[in-house]
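See below for my_file30.txt, which holds compact mmCIF, C-alpha atoms.
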# COMPACT_ATOMS: atom_id res chain seq x y z
CA MET A 164 45.12 -19.74 0.35
CA PRO A 165 46.45 -22.05 -2.35
CA PHE A 166 50.18 -22.36 -2.72
CA SER A 167 49.99 -20.64 -6.10
CA GLU A 168 49.33 -17.39 -4.22
CA ILE A 169 52.46 -17.67 -2.10
CA ASP A 170 55.18 -15.33 -3.30
CA PRO A 171 58.59 -16.67 -2.25
CA VAL A 172 61.19 -14.16 -1.13
CA VAL A 173 63.20 -14.09 -4.34
CA PRO A 174 64.60 -10.96 -6.02
CA ALA A 175 62.28 -9.71 -8.76
CA ARG A 176 64.97 -9.70 -11.42
CA ARG A 177 65.36 -13.46 -11.06
CA SER A 178 61.99 -14.06 -12.63
CA PHE A 179 62.97 -17.38 -14.22
CA GLY A 180 64.32 -18.77 -10.95
CA ARG A 181 61.25 -17.57 -9.09
CA SER A 182 58.97 -19.25 -11.63
CA VAL A 183 60.86 -22.52 -11.28
CA PHE A 184 60.70 -22.30 -7.49
CA ARG A 185 56.95 -21.67 -7.54
CA TRP A 186 56.42 -24.57 -9.97
CA VAL A 187 58.43 -26.96 -7.79
CA GLY A 188 56.66 -25.72 -4.66
CA ARG A 189 53.21 -26.25 -6.15
CA HIS A 190 54.05 -29.84 -7.08
CA LEU A 191 55.67 -30.61 -3.74
CA LEU A 192 52.48 -29.57 -1.92
CA LYS A 193 50.01 -30.98 -4.40
CA PRO A 194 48.15 -34.03 -3.02
CA HIS A 195 48.15 -37.21 -5.11
CA THR A 196 46.00 -40.32 -5.10
CA PRO A 197 47.62 -43.72 -4.45
CA ALA A 198 46.75 -44.80 -8.00
CA PHE A 199 48.54 -41.80 -9.46
CA GLN A 200 51.58 -42.41 -7.27
CA ALA A 201 51.73 -46.08 -8.25
CA ALA A 202 51.47 -45.25 -11.94
CA PHE A 203 54.15 -42.58 -11.60
CA VAL A 204 56.48 -45.04 -9.85
CA VAL A 205 56.07 -47.62 -12.62
CA VAL A 206 56.60 -45.07 -15.41
CA ALA A 207 59.65 -43.55 -13.68
CA CYS A 208 61.31 -46.92 -13.07
CA VAL A 209 60.64 -48.20 -16.59
CA ALA A 210 61.75 -44.93 -18.23
CA ALA A 211 64.94 -44.70 -16.14
CA THR A 212 65.86 -48.33 -16.83
CA ALA A 213 65.12 -48.02 -20.56
CA ALA A 214 67.24 -44.86 -20.78
CA ARG A 215 70.09 -46.53 -18.90
CA LEU A 216 69.98 -49.58 -21.20
CA ALA A 217 69.95 -47.32 -24.26
CA LEU A 218 73.00 -45.44 -23.00
CA ASP A 219 74.90 -48.51 -21.82
CA PRO A 220 76.86 -49.05 -25.08
CA TYR A 221 78.08 -45.45 -24.98
CA LEU A 222 79.03 -45.21 -21.31
CA PRO A 223 82.30 -46.30 -19.76
CA PRO A 224 82.10 -48.60 -16.73
CA GLY A 225 81.16 -46.97 -13.45
CA PHE A 226 77.86 -45.21 -14.18
CA PRO A 227 75.21 -47.70 -12.98
CA TYR A 228 72.87 -45.06 -11.55
CA LEU A 229 73.21 -42.30 -14.13
CA THR A 230 69.53 -42.21 -15.11
CA TYR A 231 68.15 -43.29 -11.74
CA PHE A 232 69.13 -40.23 -9.71
CA PRO A 233 67.02 -37.90 -11.92
CA ALA A 234 64.15 -40.41 -11.81
CA VAL A 235 64.10 -40.27 -8.01
CA LEU A 236 64.22 -36.47 -7.97
CA VAL A 237 61.48 -36.09 -10.59
CA THR A 238 59.27 -38.55 -8.70
CA LEU A 239 59.79 -36.70 -5.43
CA ILE A 240 58.60 -33.50 -7.07
CA GLY A 241 55.86 -34.95 -9.23
CA ALA A 242 54.35 -37.64 -7.01
CA GLY A 243 55.46 -37.03 -3.45
CA THR A 244 57.90 -38.42 -0.88
CA ARG A 245 56.44 -41.92 -0.64
CA ALA A 246 56.56 -42.41 -4.40
CA GLY A 247 60.13 -41.05 -4.47
CA ILE A 248 61.21 -43.57 -1.81
CA ALA A 249 59.58 -46.38 -3.78
CA VAL A 250 61.39 -45.36 -6.97
CA ALA A 251 64.70 -45.12 -5.10
CA VAL A 252 64.32 -48.63 -3.70
CA ILE A 253 63.11 -50.25 -6.95
CA CYS A 254 65.69 -48.49 -9.13
CA GLY A 255 68.45 -49.39 -6.69
CA ILE A 256 67.53 -53.07 -6.89
CA VAL A 257 67.22 -52.98 -10.70
CA ALA A 258 70.56 -51.23 -11.12
CA TRP A 259 72.20 -53.66 -8.68
CA TYR A 260 70.87 -56.60 -10.69
CA LEU A 261 71.61 -55.25 -14.20
CA PHE A 262 74.57 -52.89 -14.01
CA LEU A 263 76.72 -53.89 -11.03
CA PRO A 264 79.12 -56.83 -11.11
CA PRO A 265 78.24 -59.50 -11.94
CA ASP A 266 76.40 -58.08 -14.96
CA ILE A 267 73.27 -60.10 -14.23
CA GLY A 268 72.65 -60.97 -10.58
CA PHE A 269 73.12 -59.67 -7.05
CA GLY A 270 76.77 -59.66 -6.17
CA LEU A 271 78.16 -57.98 -3.06
CA GLY A 272 81.83 -57.40 -3.60
CA GLY A 273 83.77 -54.43 -2.36
CA GLU A 274 83.18 -52.35 -5.50
CA THR A 275 79.47 -53.17 -5.50
CA PHE A 276 79.16 -52.32 -1.81
CA ILE A 277 80.77 -48.90 -2.36
CA ALA A 278 78.47 -48.17 -5.33
CA LEU A 279 75.39 -49.16 -3.34
CA PHE A 280 76.56 -47.08 -0.39
CA PHE A 281 76.90 -43.92 -2.51
CA TYR A 282 73.57 -44.61 -4.22
CA VAL A 283 71.84 -44.83 -0.83
CA LEU A 284 73.66 -41.71 0.36
CA ILE A 285 72.73 -39.59 -2.67
CA THR A 286 69.12 -40.74 -3.00
CA GLY A 287 68.71 -40.39 0.76
CA ALA A 288 69.90 -36.79 0.52
CA GLU A 289 67.46 -36.16 -2.33
CA ILE A 290 64.59 -37.59 -0.30
CA PHE A 291 65.60 -35.69 2.84
CA PHE A 292 65.83 -32.29 1.14
CA ALA A 293 62.62 -32.81 -0.83
CA ALA A 294 60.74 -33.80 2.33
CA ALA A 295 62.25 -30.91 4.30
CA THR A 296 61.33 -28.45 1.55
CA ALA A 297 57.77 -29.74 1.40
CA SER A 298 57.48 -29.50 5.18
CA ALA A 299 58.79 -25.92 5.17
CA LEU A 300 56.40 -24.94 2.40
CA ARG A 301 53.47 -26.46 4.28
CA ALA A 302 54.46 -24.50 7.38
CA LEU A 303 54.72 -21.34 5.27
CA ASP A 304 51.32 -22.03 3.73
CA VAL A 305 49.76 -22.49 7.18
CA ALA A 306 51.39 -19.29 8.43
CA ARG A 307 50.15 -17.33 5.41
CA ARG A 308 46.63 -18.69 5.90
CA ARG A 309 46.72 -17.70 9.56
CA GLN A 310 47.98 -14.22 8.68
CA ALA A 311 45.25 -13.83 6.05
CA ASP A 312 42.59 -14.87 8.57
CA LEU A 313 43.97 -12.46 11.17
CA ALA A 314 44.12 -9.63 8.62
CA LEU A 315 40.52 -10.29 7.56
CA SER A 316 39.38 -10.39 11.20
CA ARG A 317 41.25 -7.16 11.92
CA GLU A 318 39.71 -5.46 8.89
CA LEU A 319 36.19 -6.55 9.86
CA MET A 320 36.65 -5.40 13.45
CA PHE A 321 38.13 -2.10 12.32
CA SER A 322 35.30 -1.52 9.85
CA GLU A 323 32.74 -2.27 12.53
CA LEU A 324 34.45 0.12 14.92
CA GLN A 325 34.54 2.91 12.33
CA HIS A 326 30.91 2.25 11.46
CA ARG A 327 29.92 2.59 15.10
CA VAL A 328 31.97 5.77 15.55
CA SER A 329 30.41 7.31 12.44
CA ASN A 330 26.93 6.38 13.63
CA ASN A 331 27.61 7.89 17.05
CA LEU A 332 28.81 11.14 15.48
CA ALA A 333 25.73 11.23 13.25
CA THR A 334 23.52 10.65 16.31
CA VAL A 335 25.15 13.54 18.18
CA ALA A 336 24.73 15.77 15.11
CA ALA A 337 21.05 14.84 14.93
CA LEU A 338 20.61 15.65 18.62
CA LEU A 339 22.22 19.05 18.07
CA ARG A 340 19.91 19.69 15.13
CA MET A 341 16.87 18.82 17.25
CA GLN A 342 18.07 21.07 20.06
CA ALA A 343 18.65 23.91 17.63
CA GLY A 344 15.10 23.49 16.34
CA ARG A 345 13.71 23.83 19.87
CA SER A 346 15.69 26.94 20.76
CA ASP A 347 14.31 30.43 20.23
CA GLU A 348 17.69 32.16 20.57
CA PRO A 349 19.31 33.00 17.20
CA GLU A 350 22.82 32.79 18.62
CA VAL A 351 22.13 29.39 20.16
CA LYS A 352 20.66 28.13 16.88
CA LYS A 353 23.70 29.38 15.01
CA ALA A 354 26.19 27.79 17.44
CA LEU A 355 24.36 24.47 17.49
CA GLY A 356 24.04 24.48 13.69
CA ALA A 357 27.78 25.12 13.29
CA ALA A 358 28.60 22.32 15.74
CA GLN A 359 26.27 19.97 13.86
CA GLN A 360 27.95 20.78 10.56
CA ARG A 361 31.39 20.16 12.01
CA LEU A 362 30.32 16.82 13.44
CA GLN A 363 28.88 15.75 10.10
CA THR A 364 32.11 16.76 8.36
CA VAL A 365 34.19 14.83 10.89
CA ALA A 366 31.94 11.78 10.43
CA ARG A 367 32.36 11.86 6.65
CA LEU A 368 36.11 12.34 6.91
CA GLN A 369 36.30 9.52 9.40
CA ARG A 370 34.56 7.14 7.00
CA SER A 371 36.77 8.05 4.05
CA LEU A 372 40.15 8.27 5.77
CA HIS A 373 40.25 5.82 8.64
CA SER A 374 40.75 2.57 6.79
CA PRO A 375 43.31 -0.06 7.92
CA ASP A 376 44.64 -0.40 4.38
CA LEU A 377 44.72 3.29 3.47
CA GLN A 378 48.21 4.78 3.62
CA ASP A 379 47.81 7.90 1.49
CA ILE A 380 45.26 9.57 -0.77
CA GLU A 381 45.29 11.73 -3.87
CA ALA A 382 44.78 15.36 -2.86
CA GLY A 383 42.61 16.47 -5.79
CA SER A 384 39.93 13.81 -5.45
CA PHE A 385 40.06 14.18 -1.68
CA LEU A 386 39.30 17.92 -1.87
CA GLU A 387 36.47 17.33 -4.34
CA ARG A 388 34.78 14.87 -1.99
CA LEU A 389 35.44 17.16 0.94
CA ALA A 390 33.81 20.15 -0.76
CA GLN A 391 30.78 18.04 -1.66
CA ASP A 392 30.44 16.72 1.90
CA THR A 393 30.84 20.18 3.40
CA LEU A 394 28.09 21.63 1.23
CA ASP A 395 25.85 18.65 1.98
CA ALA A 396 26.33 19.22 5.70
CA ALA A 397 25.47 22.94 5.32
CA HIS A 398 21.93 22.22 4.01
CA LEU A 399 21.98 25.29 1.74
CA ASP A 400 18.96 26.43 -0.22
CA GLN A 401 21.22 27.65 -3.01
CA ARG A 402 24.67 26.23 -3.41
CA PRO A 403 27.58 28.38 -4.51
CA ASP A 404 29.56 27.54 -7.62
CA ILE A 405 32.83 25.90 -6.62
CA ALA A 406 35.91 25.64 -8.83
CA ILE A 407 38.54 23.18 -7.61
CA SER A 408 42.10 22.87 -8.89
CA ALA A 409 44.86 20.80 -7.35
CA ASP A 410 48.41 19.91 -8.30
CA PRO A 411 49.31 16.20 -8.12
CA LEU A 412 50.04 15.36 -4.50
CA ARG A 413 49.75 12.30 -2.26
CA LEU A 414 48.68 13.00 1.29
CA GLY A 415 49.30 10.74 4.26
CA ARG A 416 46.55 10.30 6.82
CA ASP A 417 48.43 12.39 9.37
CA GLN A 418 48.20 15.35 7.02
CA ALA A 419 44.92 14.57 5.28
CA VAL A 420 42.78 14.67 8.45
CA PRO A 421 43.82 18.14 9.73
CA LEU A 422 44.00 19.51 6.19
CA GLY A 423 40.51 18.24 5.43
CA LEU A 424 39.02 19.68 8.60
CA LEU A 425 40.79 23.01 8.06
CA ALA A 426 39.65 23.19 4.43
CA SER A 427 36.11 22.41 5.57
CA GLU A 428 36.24 25.28 8.09
CA LEU A 429 37.48 27.70 5.44
CA LEU A 430 34.77 26.54 3.01
CA MET A 431 32.08 26.96 5.64
CA ASN A 432 33.43 30.42 6.42
CA ALA A 433 33.30 31.30 2.71
CA VAL A 434 29.74 29.95 2.44
CA GLU A 435 28.60 31.90 5.51
CA HIS A 436 30.38 35.20 4.96
CA GLY A 437 31.38 35.18 1.31
CA ARG A 438 28.01 35.59 -0.39
CA PRO A 439 27.81 38.80 -2.47
CA ALA A 440 24.95 41.27 -2.04
CA ASP A 441 23.71 40.41 -5.51
CA GLY A 442 24.58 37.64 -7.94
CA ALA A 443 25.60 34.05 -7.43
CA ALA A 444 28.18 33.05 -4.85
CA ARG A 445 31.40 31.62 -6.25
CA ILE A 446 34.19 29.89 -4.35
CA SER A 447 37.53 28.71 -5.66
CA LEU A 448 39.48 25.99 -3.88
CA SER A 449 43.07 25.40 -4.95
CA LEU A 450 46.04 23.32 -3.84
CA GLN A 451 49.43 24.29 -5.24
CA VAL A 452 52.73 22.48 -4.77
CA ALA A 453 55.78 24.73 -5.02
CA PRO A 454 58.97 23.26 -6.53
CA ASP A 455 61.51 22.01 -4.01
CA THR A 456 64.23 24.63 -3.61
CA GLY A 457 66.39 22.54 -1.28
CA GLU A 458 64.51 23.35 1.92
CA GLY A 459 61.57 21.02 1.27
CA THR A 460 58.39 21.23 -0.75
CA THR A 461 55.73 23.77 0.28
CA VAL A 462 52.02 23.15 -0.29
CA THR A 463 49.56 26.04 -0.39
CA LEU A 464 45.83 25.64 0.10
CA GLY A 465 43.75 28.60 -1.06
CA VAL A 466 40.05 29.34 -0.58
CA GLN A 467 38.63 32.50 -2.16
CA ASP A 468 35.07 33.79 -2.39
CA ASN A 469 33.47 36.72 -4.24
CA GLY A 470 31.82 38.23 -1.19
CA PRO A 471 32.24 41.64 0.42
CA GLY A 472 35.70 40.82 1.79
CA LEU A 473 37.19 41.42 5.21
CA ARG A 474 36.38 44.45 7.32
CA GLU A 475 39.00 47.10 7.85
CA GLY A 476 41.63 46.09 10.42
CA PHE A 477 40.63 42.43 10.53
CA ASP A 478 43.34 40.22 12.06
CA ALA A 479 42.86 36.47 11.57
CA GLY A 480 45.42 35.68 14.28
CA ALA A 481 43.56 37.70 16.88
CA SER A 482 40.03 36.67 15.90
CA THR A 483 37.98 34.96 18.62
CA SER A 484 35.77 33.18 16.10
CA LEU A 485 35.44 29.49 16.98
CA GLY A 486 35.84 28.44 13.35
CA LEU A 487 39.05 30.43 12.90
CA SER A 488 40.37 29.21 16.25
CA ILE A 489 39.85 25.63 15.08
CA ALA A 490 41.49 26.43 11.73
CA ARG A 491 44.54 27.93 13.47
CA GLN A 492 44.91 24.80 15.59
CA PHE A 493 44.89 22.58 12.53
CA ALA A 494 47.39 24.89 10.80
CA GLN A 495 49.74 24.49 13.76
CA GLN A 496 49.27 20.72 13.61
CA LEU A 497 50.39 20.79 9.98
CA GLY A 498 53.35 23.02 10.84
CA GLY A 499 52.01 25.74 8.55
CA THR A 500 50.73 29.30 8.61
CA LEU A 501 47.19 30.53 7.96
CA THR A 502 46.51 33.99 6.55
CA MET A 503 43.34 35.79 5.47
CA GLU A 504 43.23 38.88 3.30
CA ASN A 505 41.12 40.63 0.73
CA GLY A 506 41.60 39.05 -2.67
CA PRO A 507 42.98 41.05 -5.60
CA GLY A 508 39.64 40.80 -7.39
CA GLY A 509 37.51 41.25 -4.29
CA GLY A 510 36.22 38.79 -1.76
CA THR A 511 38.23 37.02 0.93
CA LEU A 512 41.31 34.93 0.22
CA SER A 513 42.30 32.40 2.88
CA ARG A 514 45.65 30.79 2.39
CA LEU A 515 47.36 27.95 4.26
CA SER A 516 51.01 27.15 3.56
CA PHE A 517 52.56 24.01 5.07
CA PRO A 518 55.49 21.69 4.32
CA ALA A 519 54.76 18.49 2.40
CA ALA A 520 55.45 15.28 4.27
Would you mind giving the structure from this file in structure tokens?
Amino acid sequence: MPFSEIDPVVPARRSFGRSVFRWVGRHLLKPHTPAFQAAFVVVACVAATAARLALDPYLPPGFPYLTYFPAVLVTLIGAGTRAGIAVAVICGIVAWYLFLPPDIGFGLGGETFIALFFYVLITGAEIFFAAATASALRALDVARRRQADLALSRELMFSELQHRVSNNLATVAALLRMQAGRSDEPEVKKALGAAQQRLQTVARLQRSLHSPDLQDIEAGSFLERLAQDTLDAAHLDQRPDIAISADPLRLGRDQAVPLGLLASELLMNAVEHGRPADGAARISLSLQVAPDTGEGTTVTLGVQDNGPGLREGFDAGASTSLGLSIARQFAQQLGGTLTMENGPGGGTLSRLSFPAA
């Protein structure tokens, strides 16, 4: 990972400061050839000395290093620590010779000693902080690279695990299909076929939902894929017409998995029992989000067919059907309620109401 991809922990509103920090960081970590460093040292020393000579007539006594401190700092950033040390040493000698008493020569009086002492102190601090910053940025870069490698390894392992789980589920579904083909008992064939369909649905959901990077999904597109997968798993000769409508809603994985499996059960129930005596089968799948009234937001999943409807006295809560038993378990997991009734226009209307996360 190049340093340009590192995002320092700086508030977003300080965009200018963050840009400067990133620019400085990139140059502190950028490698330089010895030739480049030597050229930079020469240019920095010559430019700093020329600027100091140009300013000398306008400056009062006591500013021998005015242009040399910035030269050291710029060299540390632009050419590295070694070049910055070289510029500090050369500029210190030049300033001592040209701008400290005596005007030309190397004197070592009390005033000169104090000036040299503060020059060494300030340039030493510049070098220390630049080197410390570069070291910290290198450590951060190494840590980010290690984290990226670990994240990639984790993602690959997770993907391989999910692939194996999906393959195992598909293998079990295939075995159930083979066993159903060998059985002569209609009830056994029906039970094995239903189990196979559920396994295939679980396998498809598992592929689409169990991703290490997936935190939530959009409900509408999720239900569309779910309906398609459920009908694919049913192996129908003639598919019903399905109308899907969904209000905008983001679902977390903890809700998406049970909701998807429950919706699949209700769809399979509508496919199996909701076909009219004549005409094409039609199923509507809807997801409605009620406005928050202060007690939380309620989501309602509805599945309606145009079949013959429920028999007289049917009670979904007391039904011993395996599919409805599974659906009730998922409804409890969502903290919701599941009801089934005859629709106002005929057919069966299954409705699940549960609180949004």
Checklist entry - Taking all atoms listed in the file into account, which of A:Ala354, A:Ser298, A:Leu430, A:Ile380 comes nearest A:Ser484? => result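 Nearest candidate to A:Ser484 out of A:Ala354, A:Ser298, A:Leu430, A:Ile380: A:Ala354.
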Checklist entry - In terms of the shortest atom-to-atom distance over all atoms listed in the file, which of A:Pro265, A:Gly255, A:Pro233, A:Pro197 is closest to A:Phe281? => result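 Among the listed residues, the smallest separation from A:Phe281 belongs to A:Gly255.
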Checklist entry - Looking at all atoms listed in the file, which of A:Gln391, A:Ser482, A:Gln418, A:Thr275 is the one that sits closest to A:Pro518? => result A:Gln418
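Distances from A:Leu394, A:Val466, A:Asp312, A:Pro224 to A:Glu274 were compared using all atoms listed in the file, and the smallest one belongs to A:Pro224.
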Next on the checklist: So that I can see what lies close to A:Thr500, please list as a list of chain:residue names the residues with an atom at most 10 Å from it, counting all atoms listed in the file and leaving out residues fewer than 4 positions away in the same chain.
Outcome noted: A:Thr463, A:Arg491, A:Phe493, A:Ala494, A:Gln495, A:Arg514, A:Leu515, A:Ser516, A:Phe517, A:Pro518
Item to check | Length of the atom CA of A:Gly423 to atom CA of A:Phe385 vector [Å] | outcome: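 Computing it gives 8.2 Å between the two atoms.
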Next on the checklist: One decimal, in Å: what's the spacing between atom CA of A:Leu424 and atom CA of A:Ala479?
Outcome noted: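 Separation of atom CA of A:Leu424 and atom CA of A:Ala479: 17.5 Å.
Shortest separation to A:Thr364 among A:Arg340, A:Glu428, A:Ala288, A:Ile405 occurs at residue A:Glu428, atoms counted being all atoms listed in the file.
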Item to check | atom CA of A:Gln492 to atom CA of A:Ala357, straight-line distance in Å | outcome: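 Interatomic distance, atom CA of A:Ala357 to atom CA of A:Gln492: 17.3 Å.
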Next on the checklist: Report as number ranges by chain all protein, DNA and RNA residues lying within 8 Å of A:Pro227, evaluated on all atoms listed in the file, omitting residues in the same chain fewer than 3 positions from it.
Outcome noted: A: 215, 224, 258-259, 262-263
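Distance check against A:Ala297 using all atoms listed in the file: of A:Ala366, A:Leu192, A:Cys208, A:Val452, the minimum falls on A:Leu192.
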Up to 6 Å from (69.1, -45.2, -7.7) in the file's coordinates: name the residues, counting all atoms listed in the file, as a tab-separated table (two decimals) with C-alpha atoms, in the coordinates of the input.
chain	number	residue	atom	x	y	z
A	228	TYR	CA	72.87	-45.06	-11.55
A	231	TYR	CA	68.15	-43.29	-11.74
A	232	PHE	CA	69.13	-40.23	-9.71
A	251	ALA	CA	64.70	-45.12	-5.10
A	254	CYS	CA	65.69	-48.49	-9.13
A	255	GLY	CA	68.45	-49.39	-6.69
A	282	TYR	CA	73.57	-44.61	-4.22
Next on the checklist: I'd like the contact shell of A:Gly465 - 8 Å cut-off, all atoms listed in the file, skipping same-chain residues fewer than 2 positions apart - returned as a VMD selection string.
Outcome noted: chain A and resid 447 to 450 463 467 512 to 515
